[in-house]
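Data block for run-v3.txt (compact mmCIF, C-alpha atoms):
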# COMPACT_ATOMS: atom_id res chain seq x y z
CA MET A 27 147.16 106.72 165.75
CA SER A 28 143.86 106.32 167.53
CA ARG A 29 141.10 108.53 166.17
CA THR A 30 137.97 109.48 168.00
CA TYR A 31 134.77 108.68 166.14
CA PRO A 32 131.22 109.64 167.05
CA ASP A 33 129.48 106.99 169.16
CA GLU A 34 126.44 106.86 166.91
CA PRO A 35 126.55 106.10 163.19
CA ALA A 36 125.33 108.72 160.75
CA GLY A 37 122.04 108.21 158.97
CA GLU A 38 121.73 106.79 155.49
CA PHE A 39 123.35 108.70 152.65
CA PRO A 40 122.20 108.65 149.02
CA THR A 41 124.00 106.29 146.66
CA PRO A 42 125.00 106.89 143.08
CA PRO A 43 123.96 107.21 140.39
CA ARG A 44 121.94 110.32 141.07
CA THR A 45 121.40 113.72 139.50
CA VAL A 46 121.29 116.94 141.49
CA THR A 47 120.49 120.47 140.39
CA ASP A 48 123.01 122.91 141.80
CA LYS A 49 122.35 126.50 142.93
CA GLU A 50 123.18 127.72 139.41
CA GLY A 51 120.47 125.50 137.88
CA ARG A 52 122.95 122.99 136.40
CA ASP A 53 121.97 119.32 136.42
CA VAL A 54 125.02 117.43 137.68
CA GLU A 55 125.28 113.65 137.52
CA LEU A 56 126.98 111.88 140.44
CA VAL A 57 128.28 108.42 139.52
CA PRO A 58 130.84 105.89 140.74
CA ALA A 59 134.14 106.54 139.00
CA ASP A 60 135.66 103.77 136.95
CA GLU A 61 138.53 103.26 134.55
CA ALA A 62 136.48 104.78 131.71
CA ASP A 63 136.49 108.10 133.62
CA ARG A 64 140.28 108.26 133.94
CA GLU A 65 140.99 110.72 131.09
CA ALA A 66 138.11 113.01 132.10
CA VAL A 67 139.37 113.01 135.71
CA VAL A 68 142.91 113.78 134.50
CA ALA A 69 141.52 116.69 132.44
CA MET A 70 139.69 118.04 135.50
CA TYR A 71 142.85 117.98 137.60
CA VAL A 72 144.94 119.57 134.82
CA ASP A 73 142.41 122.46 134.91
CA PHE A 74 142.32 122.57 138.72
CA ASP A 75 143.16 125.95 140.29
CA PRO A 76 146.56 125.68 142.05
CA ALA A 77 145.19 127.86 144.87
CA ASP A 78 142.70 125.09 145.71
CA ARG A 79 145.36 122.42 146.20
CA ALA A 80 145.74 121.26 149.79
CA GLN A 81 148.37 119.11 151.44
CA GLY A 82 150.10 118.56 148.09
CA ILE A 83 147.09 117.12 146.31
CA PRO A 84 146.08 116.99 143.64
CA PRO A 85 149.55 117.02 142.09
CA ALA A 86 150.26 120.04 139.90
CA LYS A 87 151.70 118.34 136.80
CA GLU A 88 149.95 115.84 134.53
CA ALA A 89 152.49 113.05 135.09
CA GLY A 90 152.02 113.39 138.86
CA ILE A 91 148.24 113.46 138.45
CA ARG A 92 148.36 110.22 136.45
CA ASP A 93 150.57 108.51 139.06
CA TRP A 94 148.29 109.68 141.87
CA LEU A 95 145.17 108.46 140.04
CA ASP A 96 146.86 105.07 139.48
CA THR A 97 146.81 104.76 143.28
CA ILE A 98 143.34 106.10 144.11
CA LEU A 99 141.34 104.71 141.19
CA ASP A 100 142.25 101.14 142.15
CA GLY A 101 139.92 98.53 143.63
CA ASP A 102 140.61 99.36 147.29
CA CYS A 103 139.37 102.94 147.04
CA VAL A 104 135.83 104.22 146.61
CA ASN A 105 135.47 107.00 144.03
CA VAL A 106 132.59 109.16 142.85
CA VAL A 107 132.70 111.83 140.15
CA ALA A 108 130.43 114.75 139.37
CA ARG A 109 129.73 115.22 135.66
CA TYR A 110 128.24 118.22 133.94
CA ASP A 111 127.75 118.46 130.19
CA GLY A 112 130.07 115.49 129.62
CA ASP A 113 132.94 116.85 131.73
CA VAL A 114 134.10 115.75 135.18
CA VAL A 115 133.76 118.80 137.45
CA GLY A 116 134.30 117.11 140.81
CA HIS A 117 135.87 114.00 142.28
CA ALA A 118 135.73 112.50 145.77
CA THR A 119 137.53 109.44 147.08
CA LEU A 120 137.72 107.23 150.17
CA VAL A 121 141.25 105.84 150.54
CA PRO A 122 141.91 103.02 153.01
CA ASP A 123 144.62 103.57 155.60
CA ARG A 124 146.65 100.97 157.46
CA HIS A 125 144.16 100.95 160.36
CA GLY A 126 141.18 99.77 158.28
CA GLU A 127 139.69 103.26 158.26
CA HIS A 128 139.21 105.47 155.19
CA GLU A 129 140.42 108.99 154.48
CA LEU A 130 138.13 111.25 152.47
CA ALA A 131 139.40 113.71 149.87
CA ILE A 132 137.23 115.88 147.63
CA PHE A 133 137.98 118.28 144.79
CA VAL A 134 135.54 120.48 142.89
CA LEU A 135 136.50 122.78 140.01
CA GLN A 136 136.50 126.46 141.00
CA SER A 137 133.62 127.31 138.65
CA PHE A 138 131.40 124.75 140.44
CA GLN A 139 132.33 125.64 144.03
CA GLY A 140 129.73 127.26 146.26
CA ALA A 141 126.83 125.77 144.28
CA GLY A 142 126.14 122.69 146.42
CA ILE A 143 128.10 120.21 144.32
CA GLY A 144 130.62 119.54 147.11
CA THR A 145 127.89 118.68 149.60
CA ALA A 146 126.11 116.39 147.14
CA LEU A 147 129.41 114.76 146.17
CA VAL A 148 130.41 114.06 149.80
CA GLU A 149 126.94 112.72 150.65
CA THR A 150 126.98 110.46 147.59
CA LEU A 151 130.52 109.23 148.30
CA LEU A 152 129.52 108.40 151.89
CA GLY A 153 126.47 106.54 150.53
CA GLN A 154 128.75 104.55 148.24
CA GLY A 155 131.02 103.92 151.24
CA GLN A 156 128.09 102.63 153.30
CA HIS A 157 127.11 100.35 150.40
CA ALA A 158 130.71 99.03 150.36
CA GLY A 159 130.61 98.28 154.11
CA ILE A 160 132.95 101.09 155.21
CA GLU A 161 132.38 102.05 158.83
CA LYS A 162 134.89 104.78 159.72
CA VAL A 163 135.85 107.81 157.62
CA TRP A 164 138.16 110.65 158.55
CA LEU A 165 139.63 113.70 156.87
CA THR A 166 141.79 116.70 157.55
CA VAL A 167 140.92 120.24 156.59
CA GLU A 168 143.10 123.31 156.82
CA ARG A 169 142.06 125.43 159.79
CA TRP A 170 141.37 128.51 157.63
CA ASN A 171 139.08 126.62 155.22
CA ASP A 172 135.74 127.48 156.84
CA ALA A 173 133.68 126.59 153.76
CA ALA A 174 135.02 123.02 153.70
CA ALA A 175 134.80 122.55 157.48
CA ASN A 176 131.19 123.75 157.43
CA LEU A 177 130.34 121.38 154.57
CA TYR A 178 131.78 118.43 156.52
CA ARG A 179 129.89 119.39 159.69
CA LYS A 180 126.67 119.74 157.68
CA VAL A 181 126.89 116.12 156.50
CA GLY A 182 127.71 114.80 159.98
CA PHE A 183 131.47 114.93 160.52
CA GLU A 184 132.64 115.87 164.01
CA THR A 185 135.98 117.36 165.01
CA SER A 186 138.22 114.64 166.39
CA ASN A 187 141.49 116.56 166.73
CA ALA A 188 142.15 120.29 166.43
CA GLU A 189 145.64 120.48 167.93
CA SER A 190 147.59 121.29 164.77
CA PHE A 191 147.23 123.73 161.87
CA GLU A 192 144.80 121.22 160.37
CA ILE A 193 141.52 120.08 161.85
CA GLU A 194 140.86 116.34 161.81
CA MET A 195 137.22 115.31 161.49
CA ALA A 196 135.55 111.91 161.58
CA ILE A 197 132.22 110.22 160.91
CA ARG A 198 130.94 106.74 161.69
CA LEU A 199 128.92 105.22 158.86
I need this file expressed as structure tokens, please.
Amino acid sequence: MSRTYPDEPAGEFPTPPRTVTDKEGRDVELVPADEADREAVVAMYVDFDPADRAQGIPPAKEAGIRDWLDTILDGDCVNVVARYDGDVVGHATLVPDRHGEHELAIFVLQSFQGAGIGTALVETLLGQGQHAGIEKVWLTVERWNDAAANLYRKVGFETSNAESFEIEMAIRL
């Protein structure tokens, strides 16, 4: 599949570690995820609202979550987590595809949505991606998910394909 990417690269994004204060006044730490975060990330996904799952991810059961994390927490993927008060409350990942491009996925616990954590997490993940030399990032978002599509546009993603029930968006780093 040939994706369309913007001609011009996006500007610089912030890199982790960094701390942001969300709209609720909570100081949230954004850091690269590593093996030490695995159990906290599993706990976040176990608590994840099933209504917020998209395209079958994250998996619904703990065994599936662990198998999925075995794949995306490996060395080929770029991962950033959002921590608040010792707990992981958000996770974003860049997963390489067979074309040398990277797919973005992001998940934020319901109680932290709408407070700016998603935007900060995506920006920080893209900064980590730039630092790792990643040039092309894409994602899909369900057509009805205006909040997510608006977040992606705000950080610089452009629609690359809108012919199905999902919108595909892309950014050049």
**Request:** Could you check which of A:Lys49, A:His128, A:Arg44, A:Arg92 is closest to Leu199 (chain A), using only C-alpha atoms?
**Result:** A:His128
May I have the protein, DNA and RNA residues with any atom at most 8 Å from the point (127.1, 113.5, 139.2), counting all atoms listed in the file, written as a JSON list (two decimals) with C-alpha atoms, keeping the file's coordinate frame?
[["chain", "number", "residue", "atom", "x", "y", "z"],
["A", 42, "PRO", "CA", 125.00, 106.89, 143.08],
["A", 43, "PRO", "CA", 123.96, 107.21, 140.39],
["A", 44, "ARG", "CA", 121.94, 110.32, 141.07],
["A", 45, "THR", "CA", 121.40, 113.72, 139.50],
["A", 46, "VAL", "CA", 121.29, 116.94, 141.49],
["A", 54, "VAL", "CA", 125.02, 117.43, 137.68],
["A", 55, "GLU", "CA", 125.28, 113.65, 137.52],
["A", 56, "LEU", "CA", 126.98, 111.88, 140.44],
["A", 57, "VAL", "CA", 128.28, 108.42, 139.52],
["A", 106, "VAL", "CA", 132.59, 109.16, 142.85],
["A", 107, "VAL", "CA", 132.70, 111.83, 140.15],
["A", 108, "ALA", "CA", 130.43, 114.75, 139.37],
["A", 109, "ARG", "CA", 129.73, 115.22, 135.66],
["A", 110, "TYR", "CA", 128.24, 118.22, 133.94],
["A", 147, "LEU", "CA", 129.41, 114.76, 146.17]]
**Request:** Up to 12 Å from (142.9, 118.5, 133.7) in the file's coordinates: name the residues, counting all atoms listed in the file, as a list in words.
**Result:** Arg64, Glu65, Ala66, Val67, Val68, Ala69, Met70, Tyr71, Val72, Asp73, Phe74, Asp75, Pro76, Pro84, Pro85, Ala86, Lys87, Glu88, Ala89, Gly90, Ile91, Arg92, Asp113, Val114, Val115, Gly116, His117, Val134 and Leu135 of chain A
Residues within 6 Å of region 160-168 of chain A, please, as a short mmCIF file (atom, residue, chain, number, x, y, z; two decimals) with C-alpha atoms, in the frame of the given file. Count all atoms listed in the file; anything in the same chain fewer than 5 positions from it doesn't count.
data_model
loop_
_atom_site.label_atom_id
_atom_site.label_comp_id
_atom_site.auth_asym_id
_atom_site.auth_seq_id
_atom_site.Cartn_x
_atom_site.Cartn_y
_atom_site.Cartn_z
CA GLU A 127 139.69 103.26 158.26
CA HIS A 128 139.21 105.47 155.19
CA GLU A 129 140.42 108.99 154.48
CA LEU A 130 138.13 111.25 152.47
CA GLY A 155 131.02 103.92 151.24
CA GLU A 192 144.80 121.22 160.37
CA ILE A 193 141.52 120.08 161.85
CA GLU A 194 140.86 116.34 161.81
CA MET A 195 137.22 115.31 161.49
CA ALA A 196 135.55 111.91 161.58
CA ILE A 197 132.22 110.22 160.91
CA ARG A 198 130.94 106.74 161.69
CA LEU A 199 128.92 105.22 158.86
#
**Request:** Please indicate the distance in Å from CA of Ala36 (chain A) to CA of Phe183 (chain A), rounded to one decimal place.
**Result:** 8.7 Å
**Message:** Between A:Thr145, A:Thr150, A:Gln156, A:Asp78, which residue has the minimum interatomic distance to Ala175 (chain A), considering only C-alpha atoms?
**Reply:**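 Counting only C-alpha atoms, the residue closest to Ala175 (chain A) is A:Thr145.
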**Message:** Between CA of Leu177 (chain A) and CA of Val148 (chain A), what distance in Å does the model show, to one decimal?
**Reply:** 8.7 Å
**Message:** Counting only C-alpha atoms, which residue out of A:Gly37, A:Asp63, A:Leu151, A:Asp102 sits closest to Asp123 (chain A)?
**Reply:**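 Smallest separation from Asp123 (chain A) among the options: A:Asp102.
CA of Tyr31 (chain A) is positioned 13.5 Å from CA of His125 (chain A).
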**Message:** I need the residue nearest Gly142 (chain A) from this list: A:Ala59, A:Ala174, A:Gly101, A:Ser190. Use only C-alpha atoms for the distance.
**Reply:**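 Closest to Gly142 (chain A) of all the choices is A:Ala174.
Closest to Trp170 (chain A) among A:Ala62, A:Ala80, A:Asp48, A:Ser137 is A:Ala80, based on only C-alpha atoms.
With all atoms listed in the file as the basis for measurement, A:Ala131 is the residue among A:Cys103, A:Ala158, A:Ala131, A:Ala141 that approaches Gly82 (chain A) most closely.
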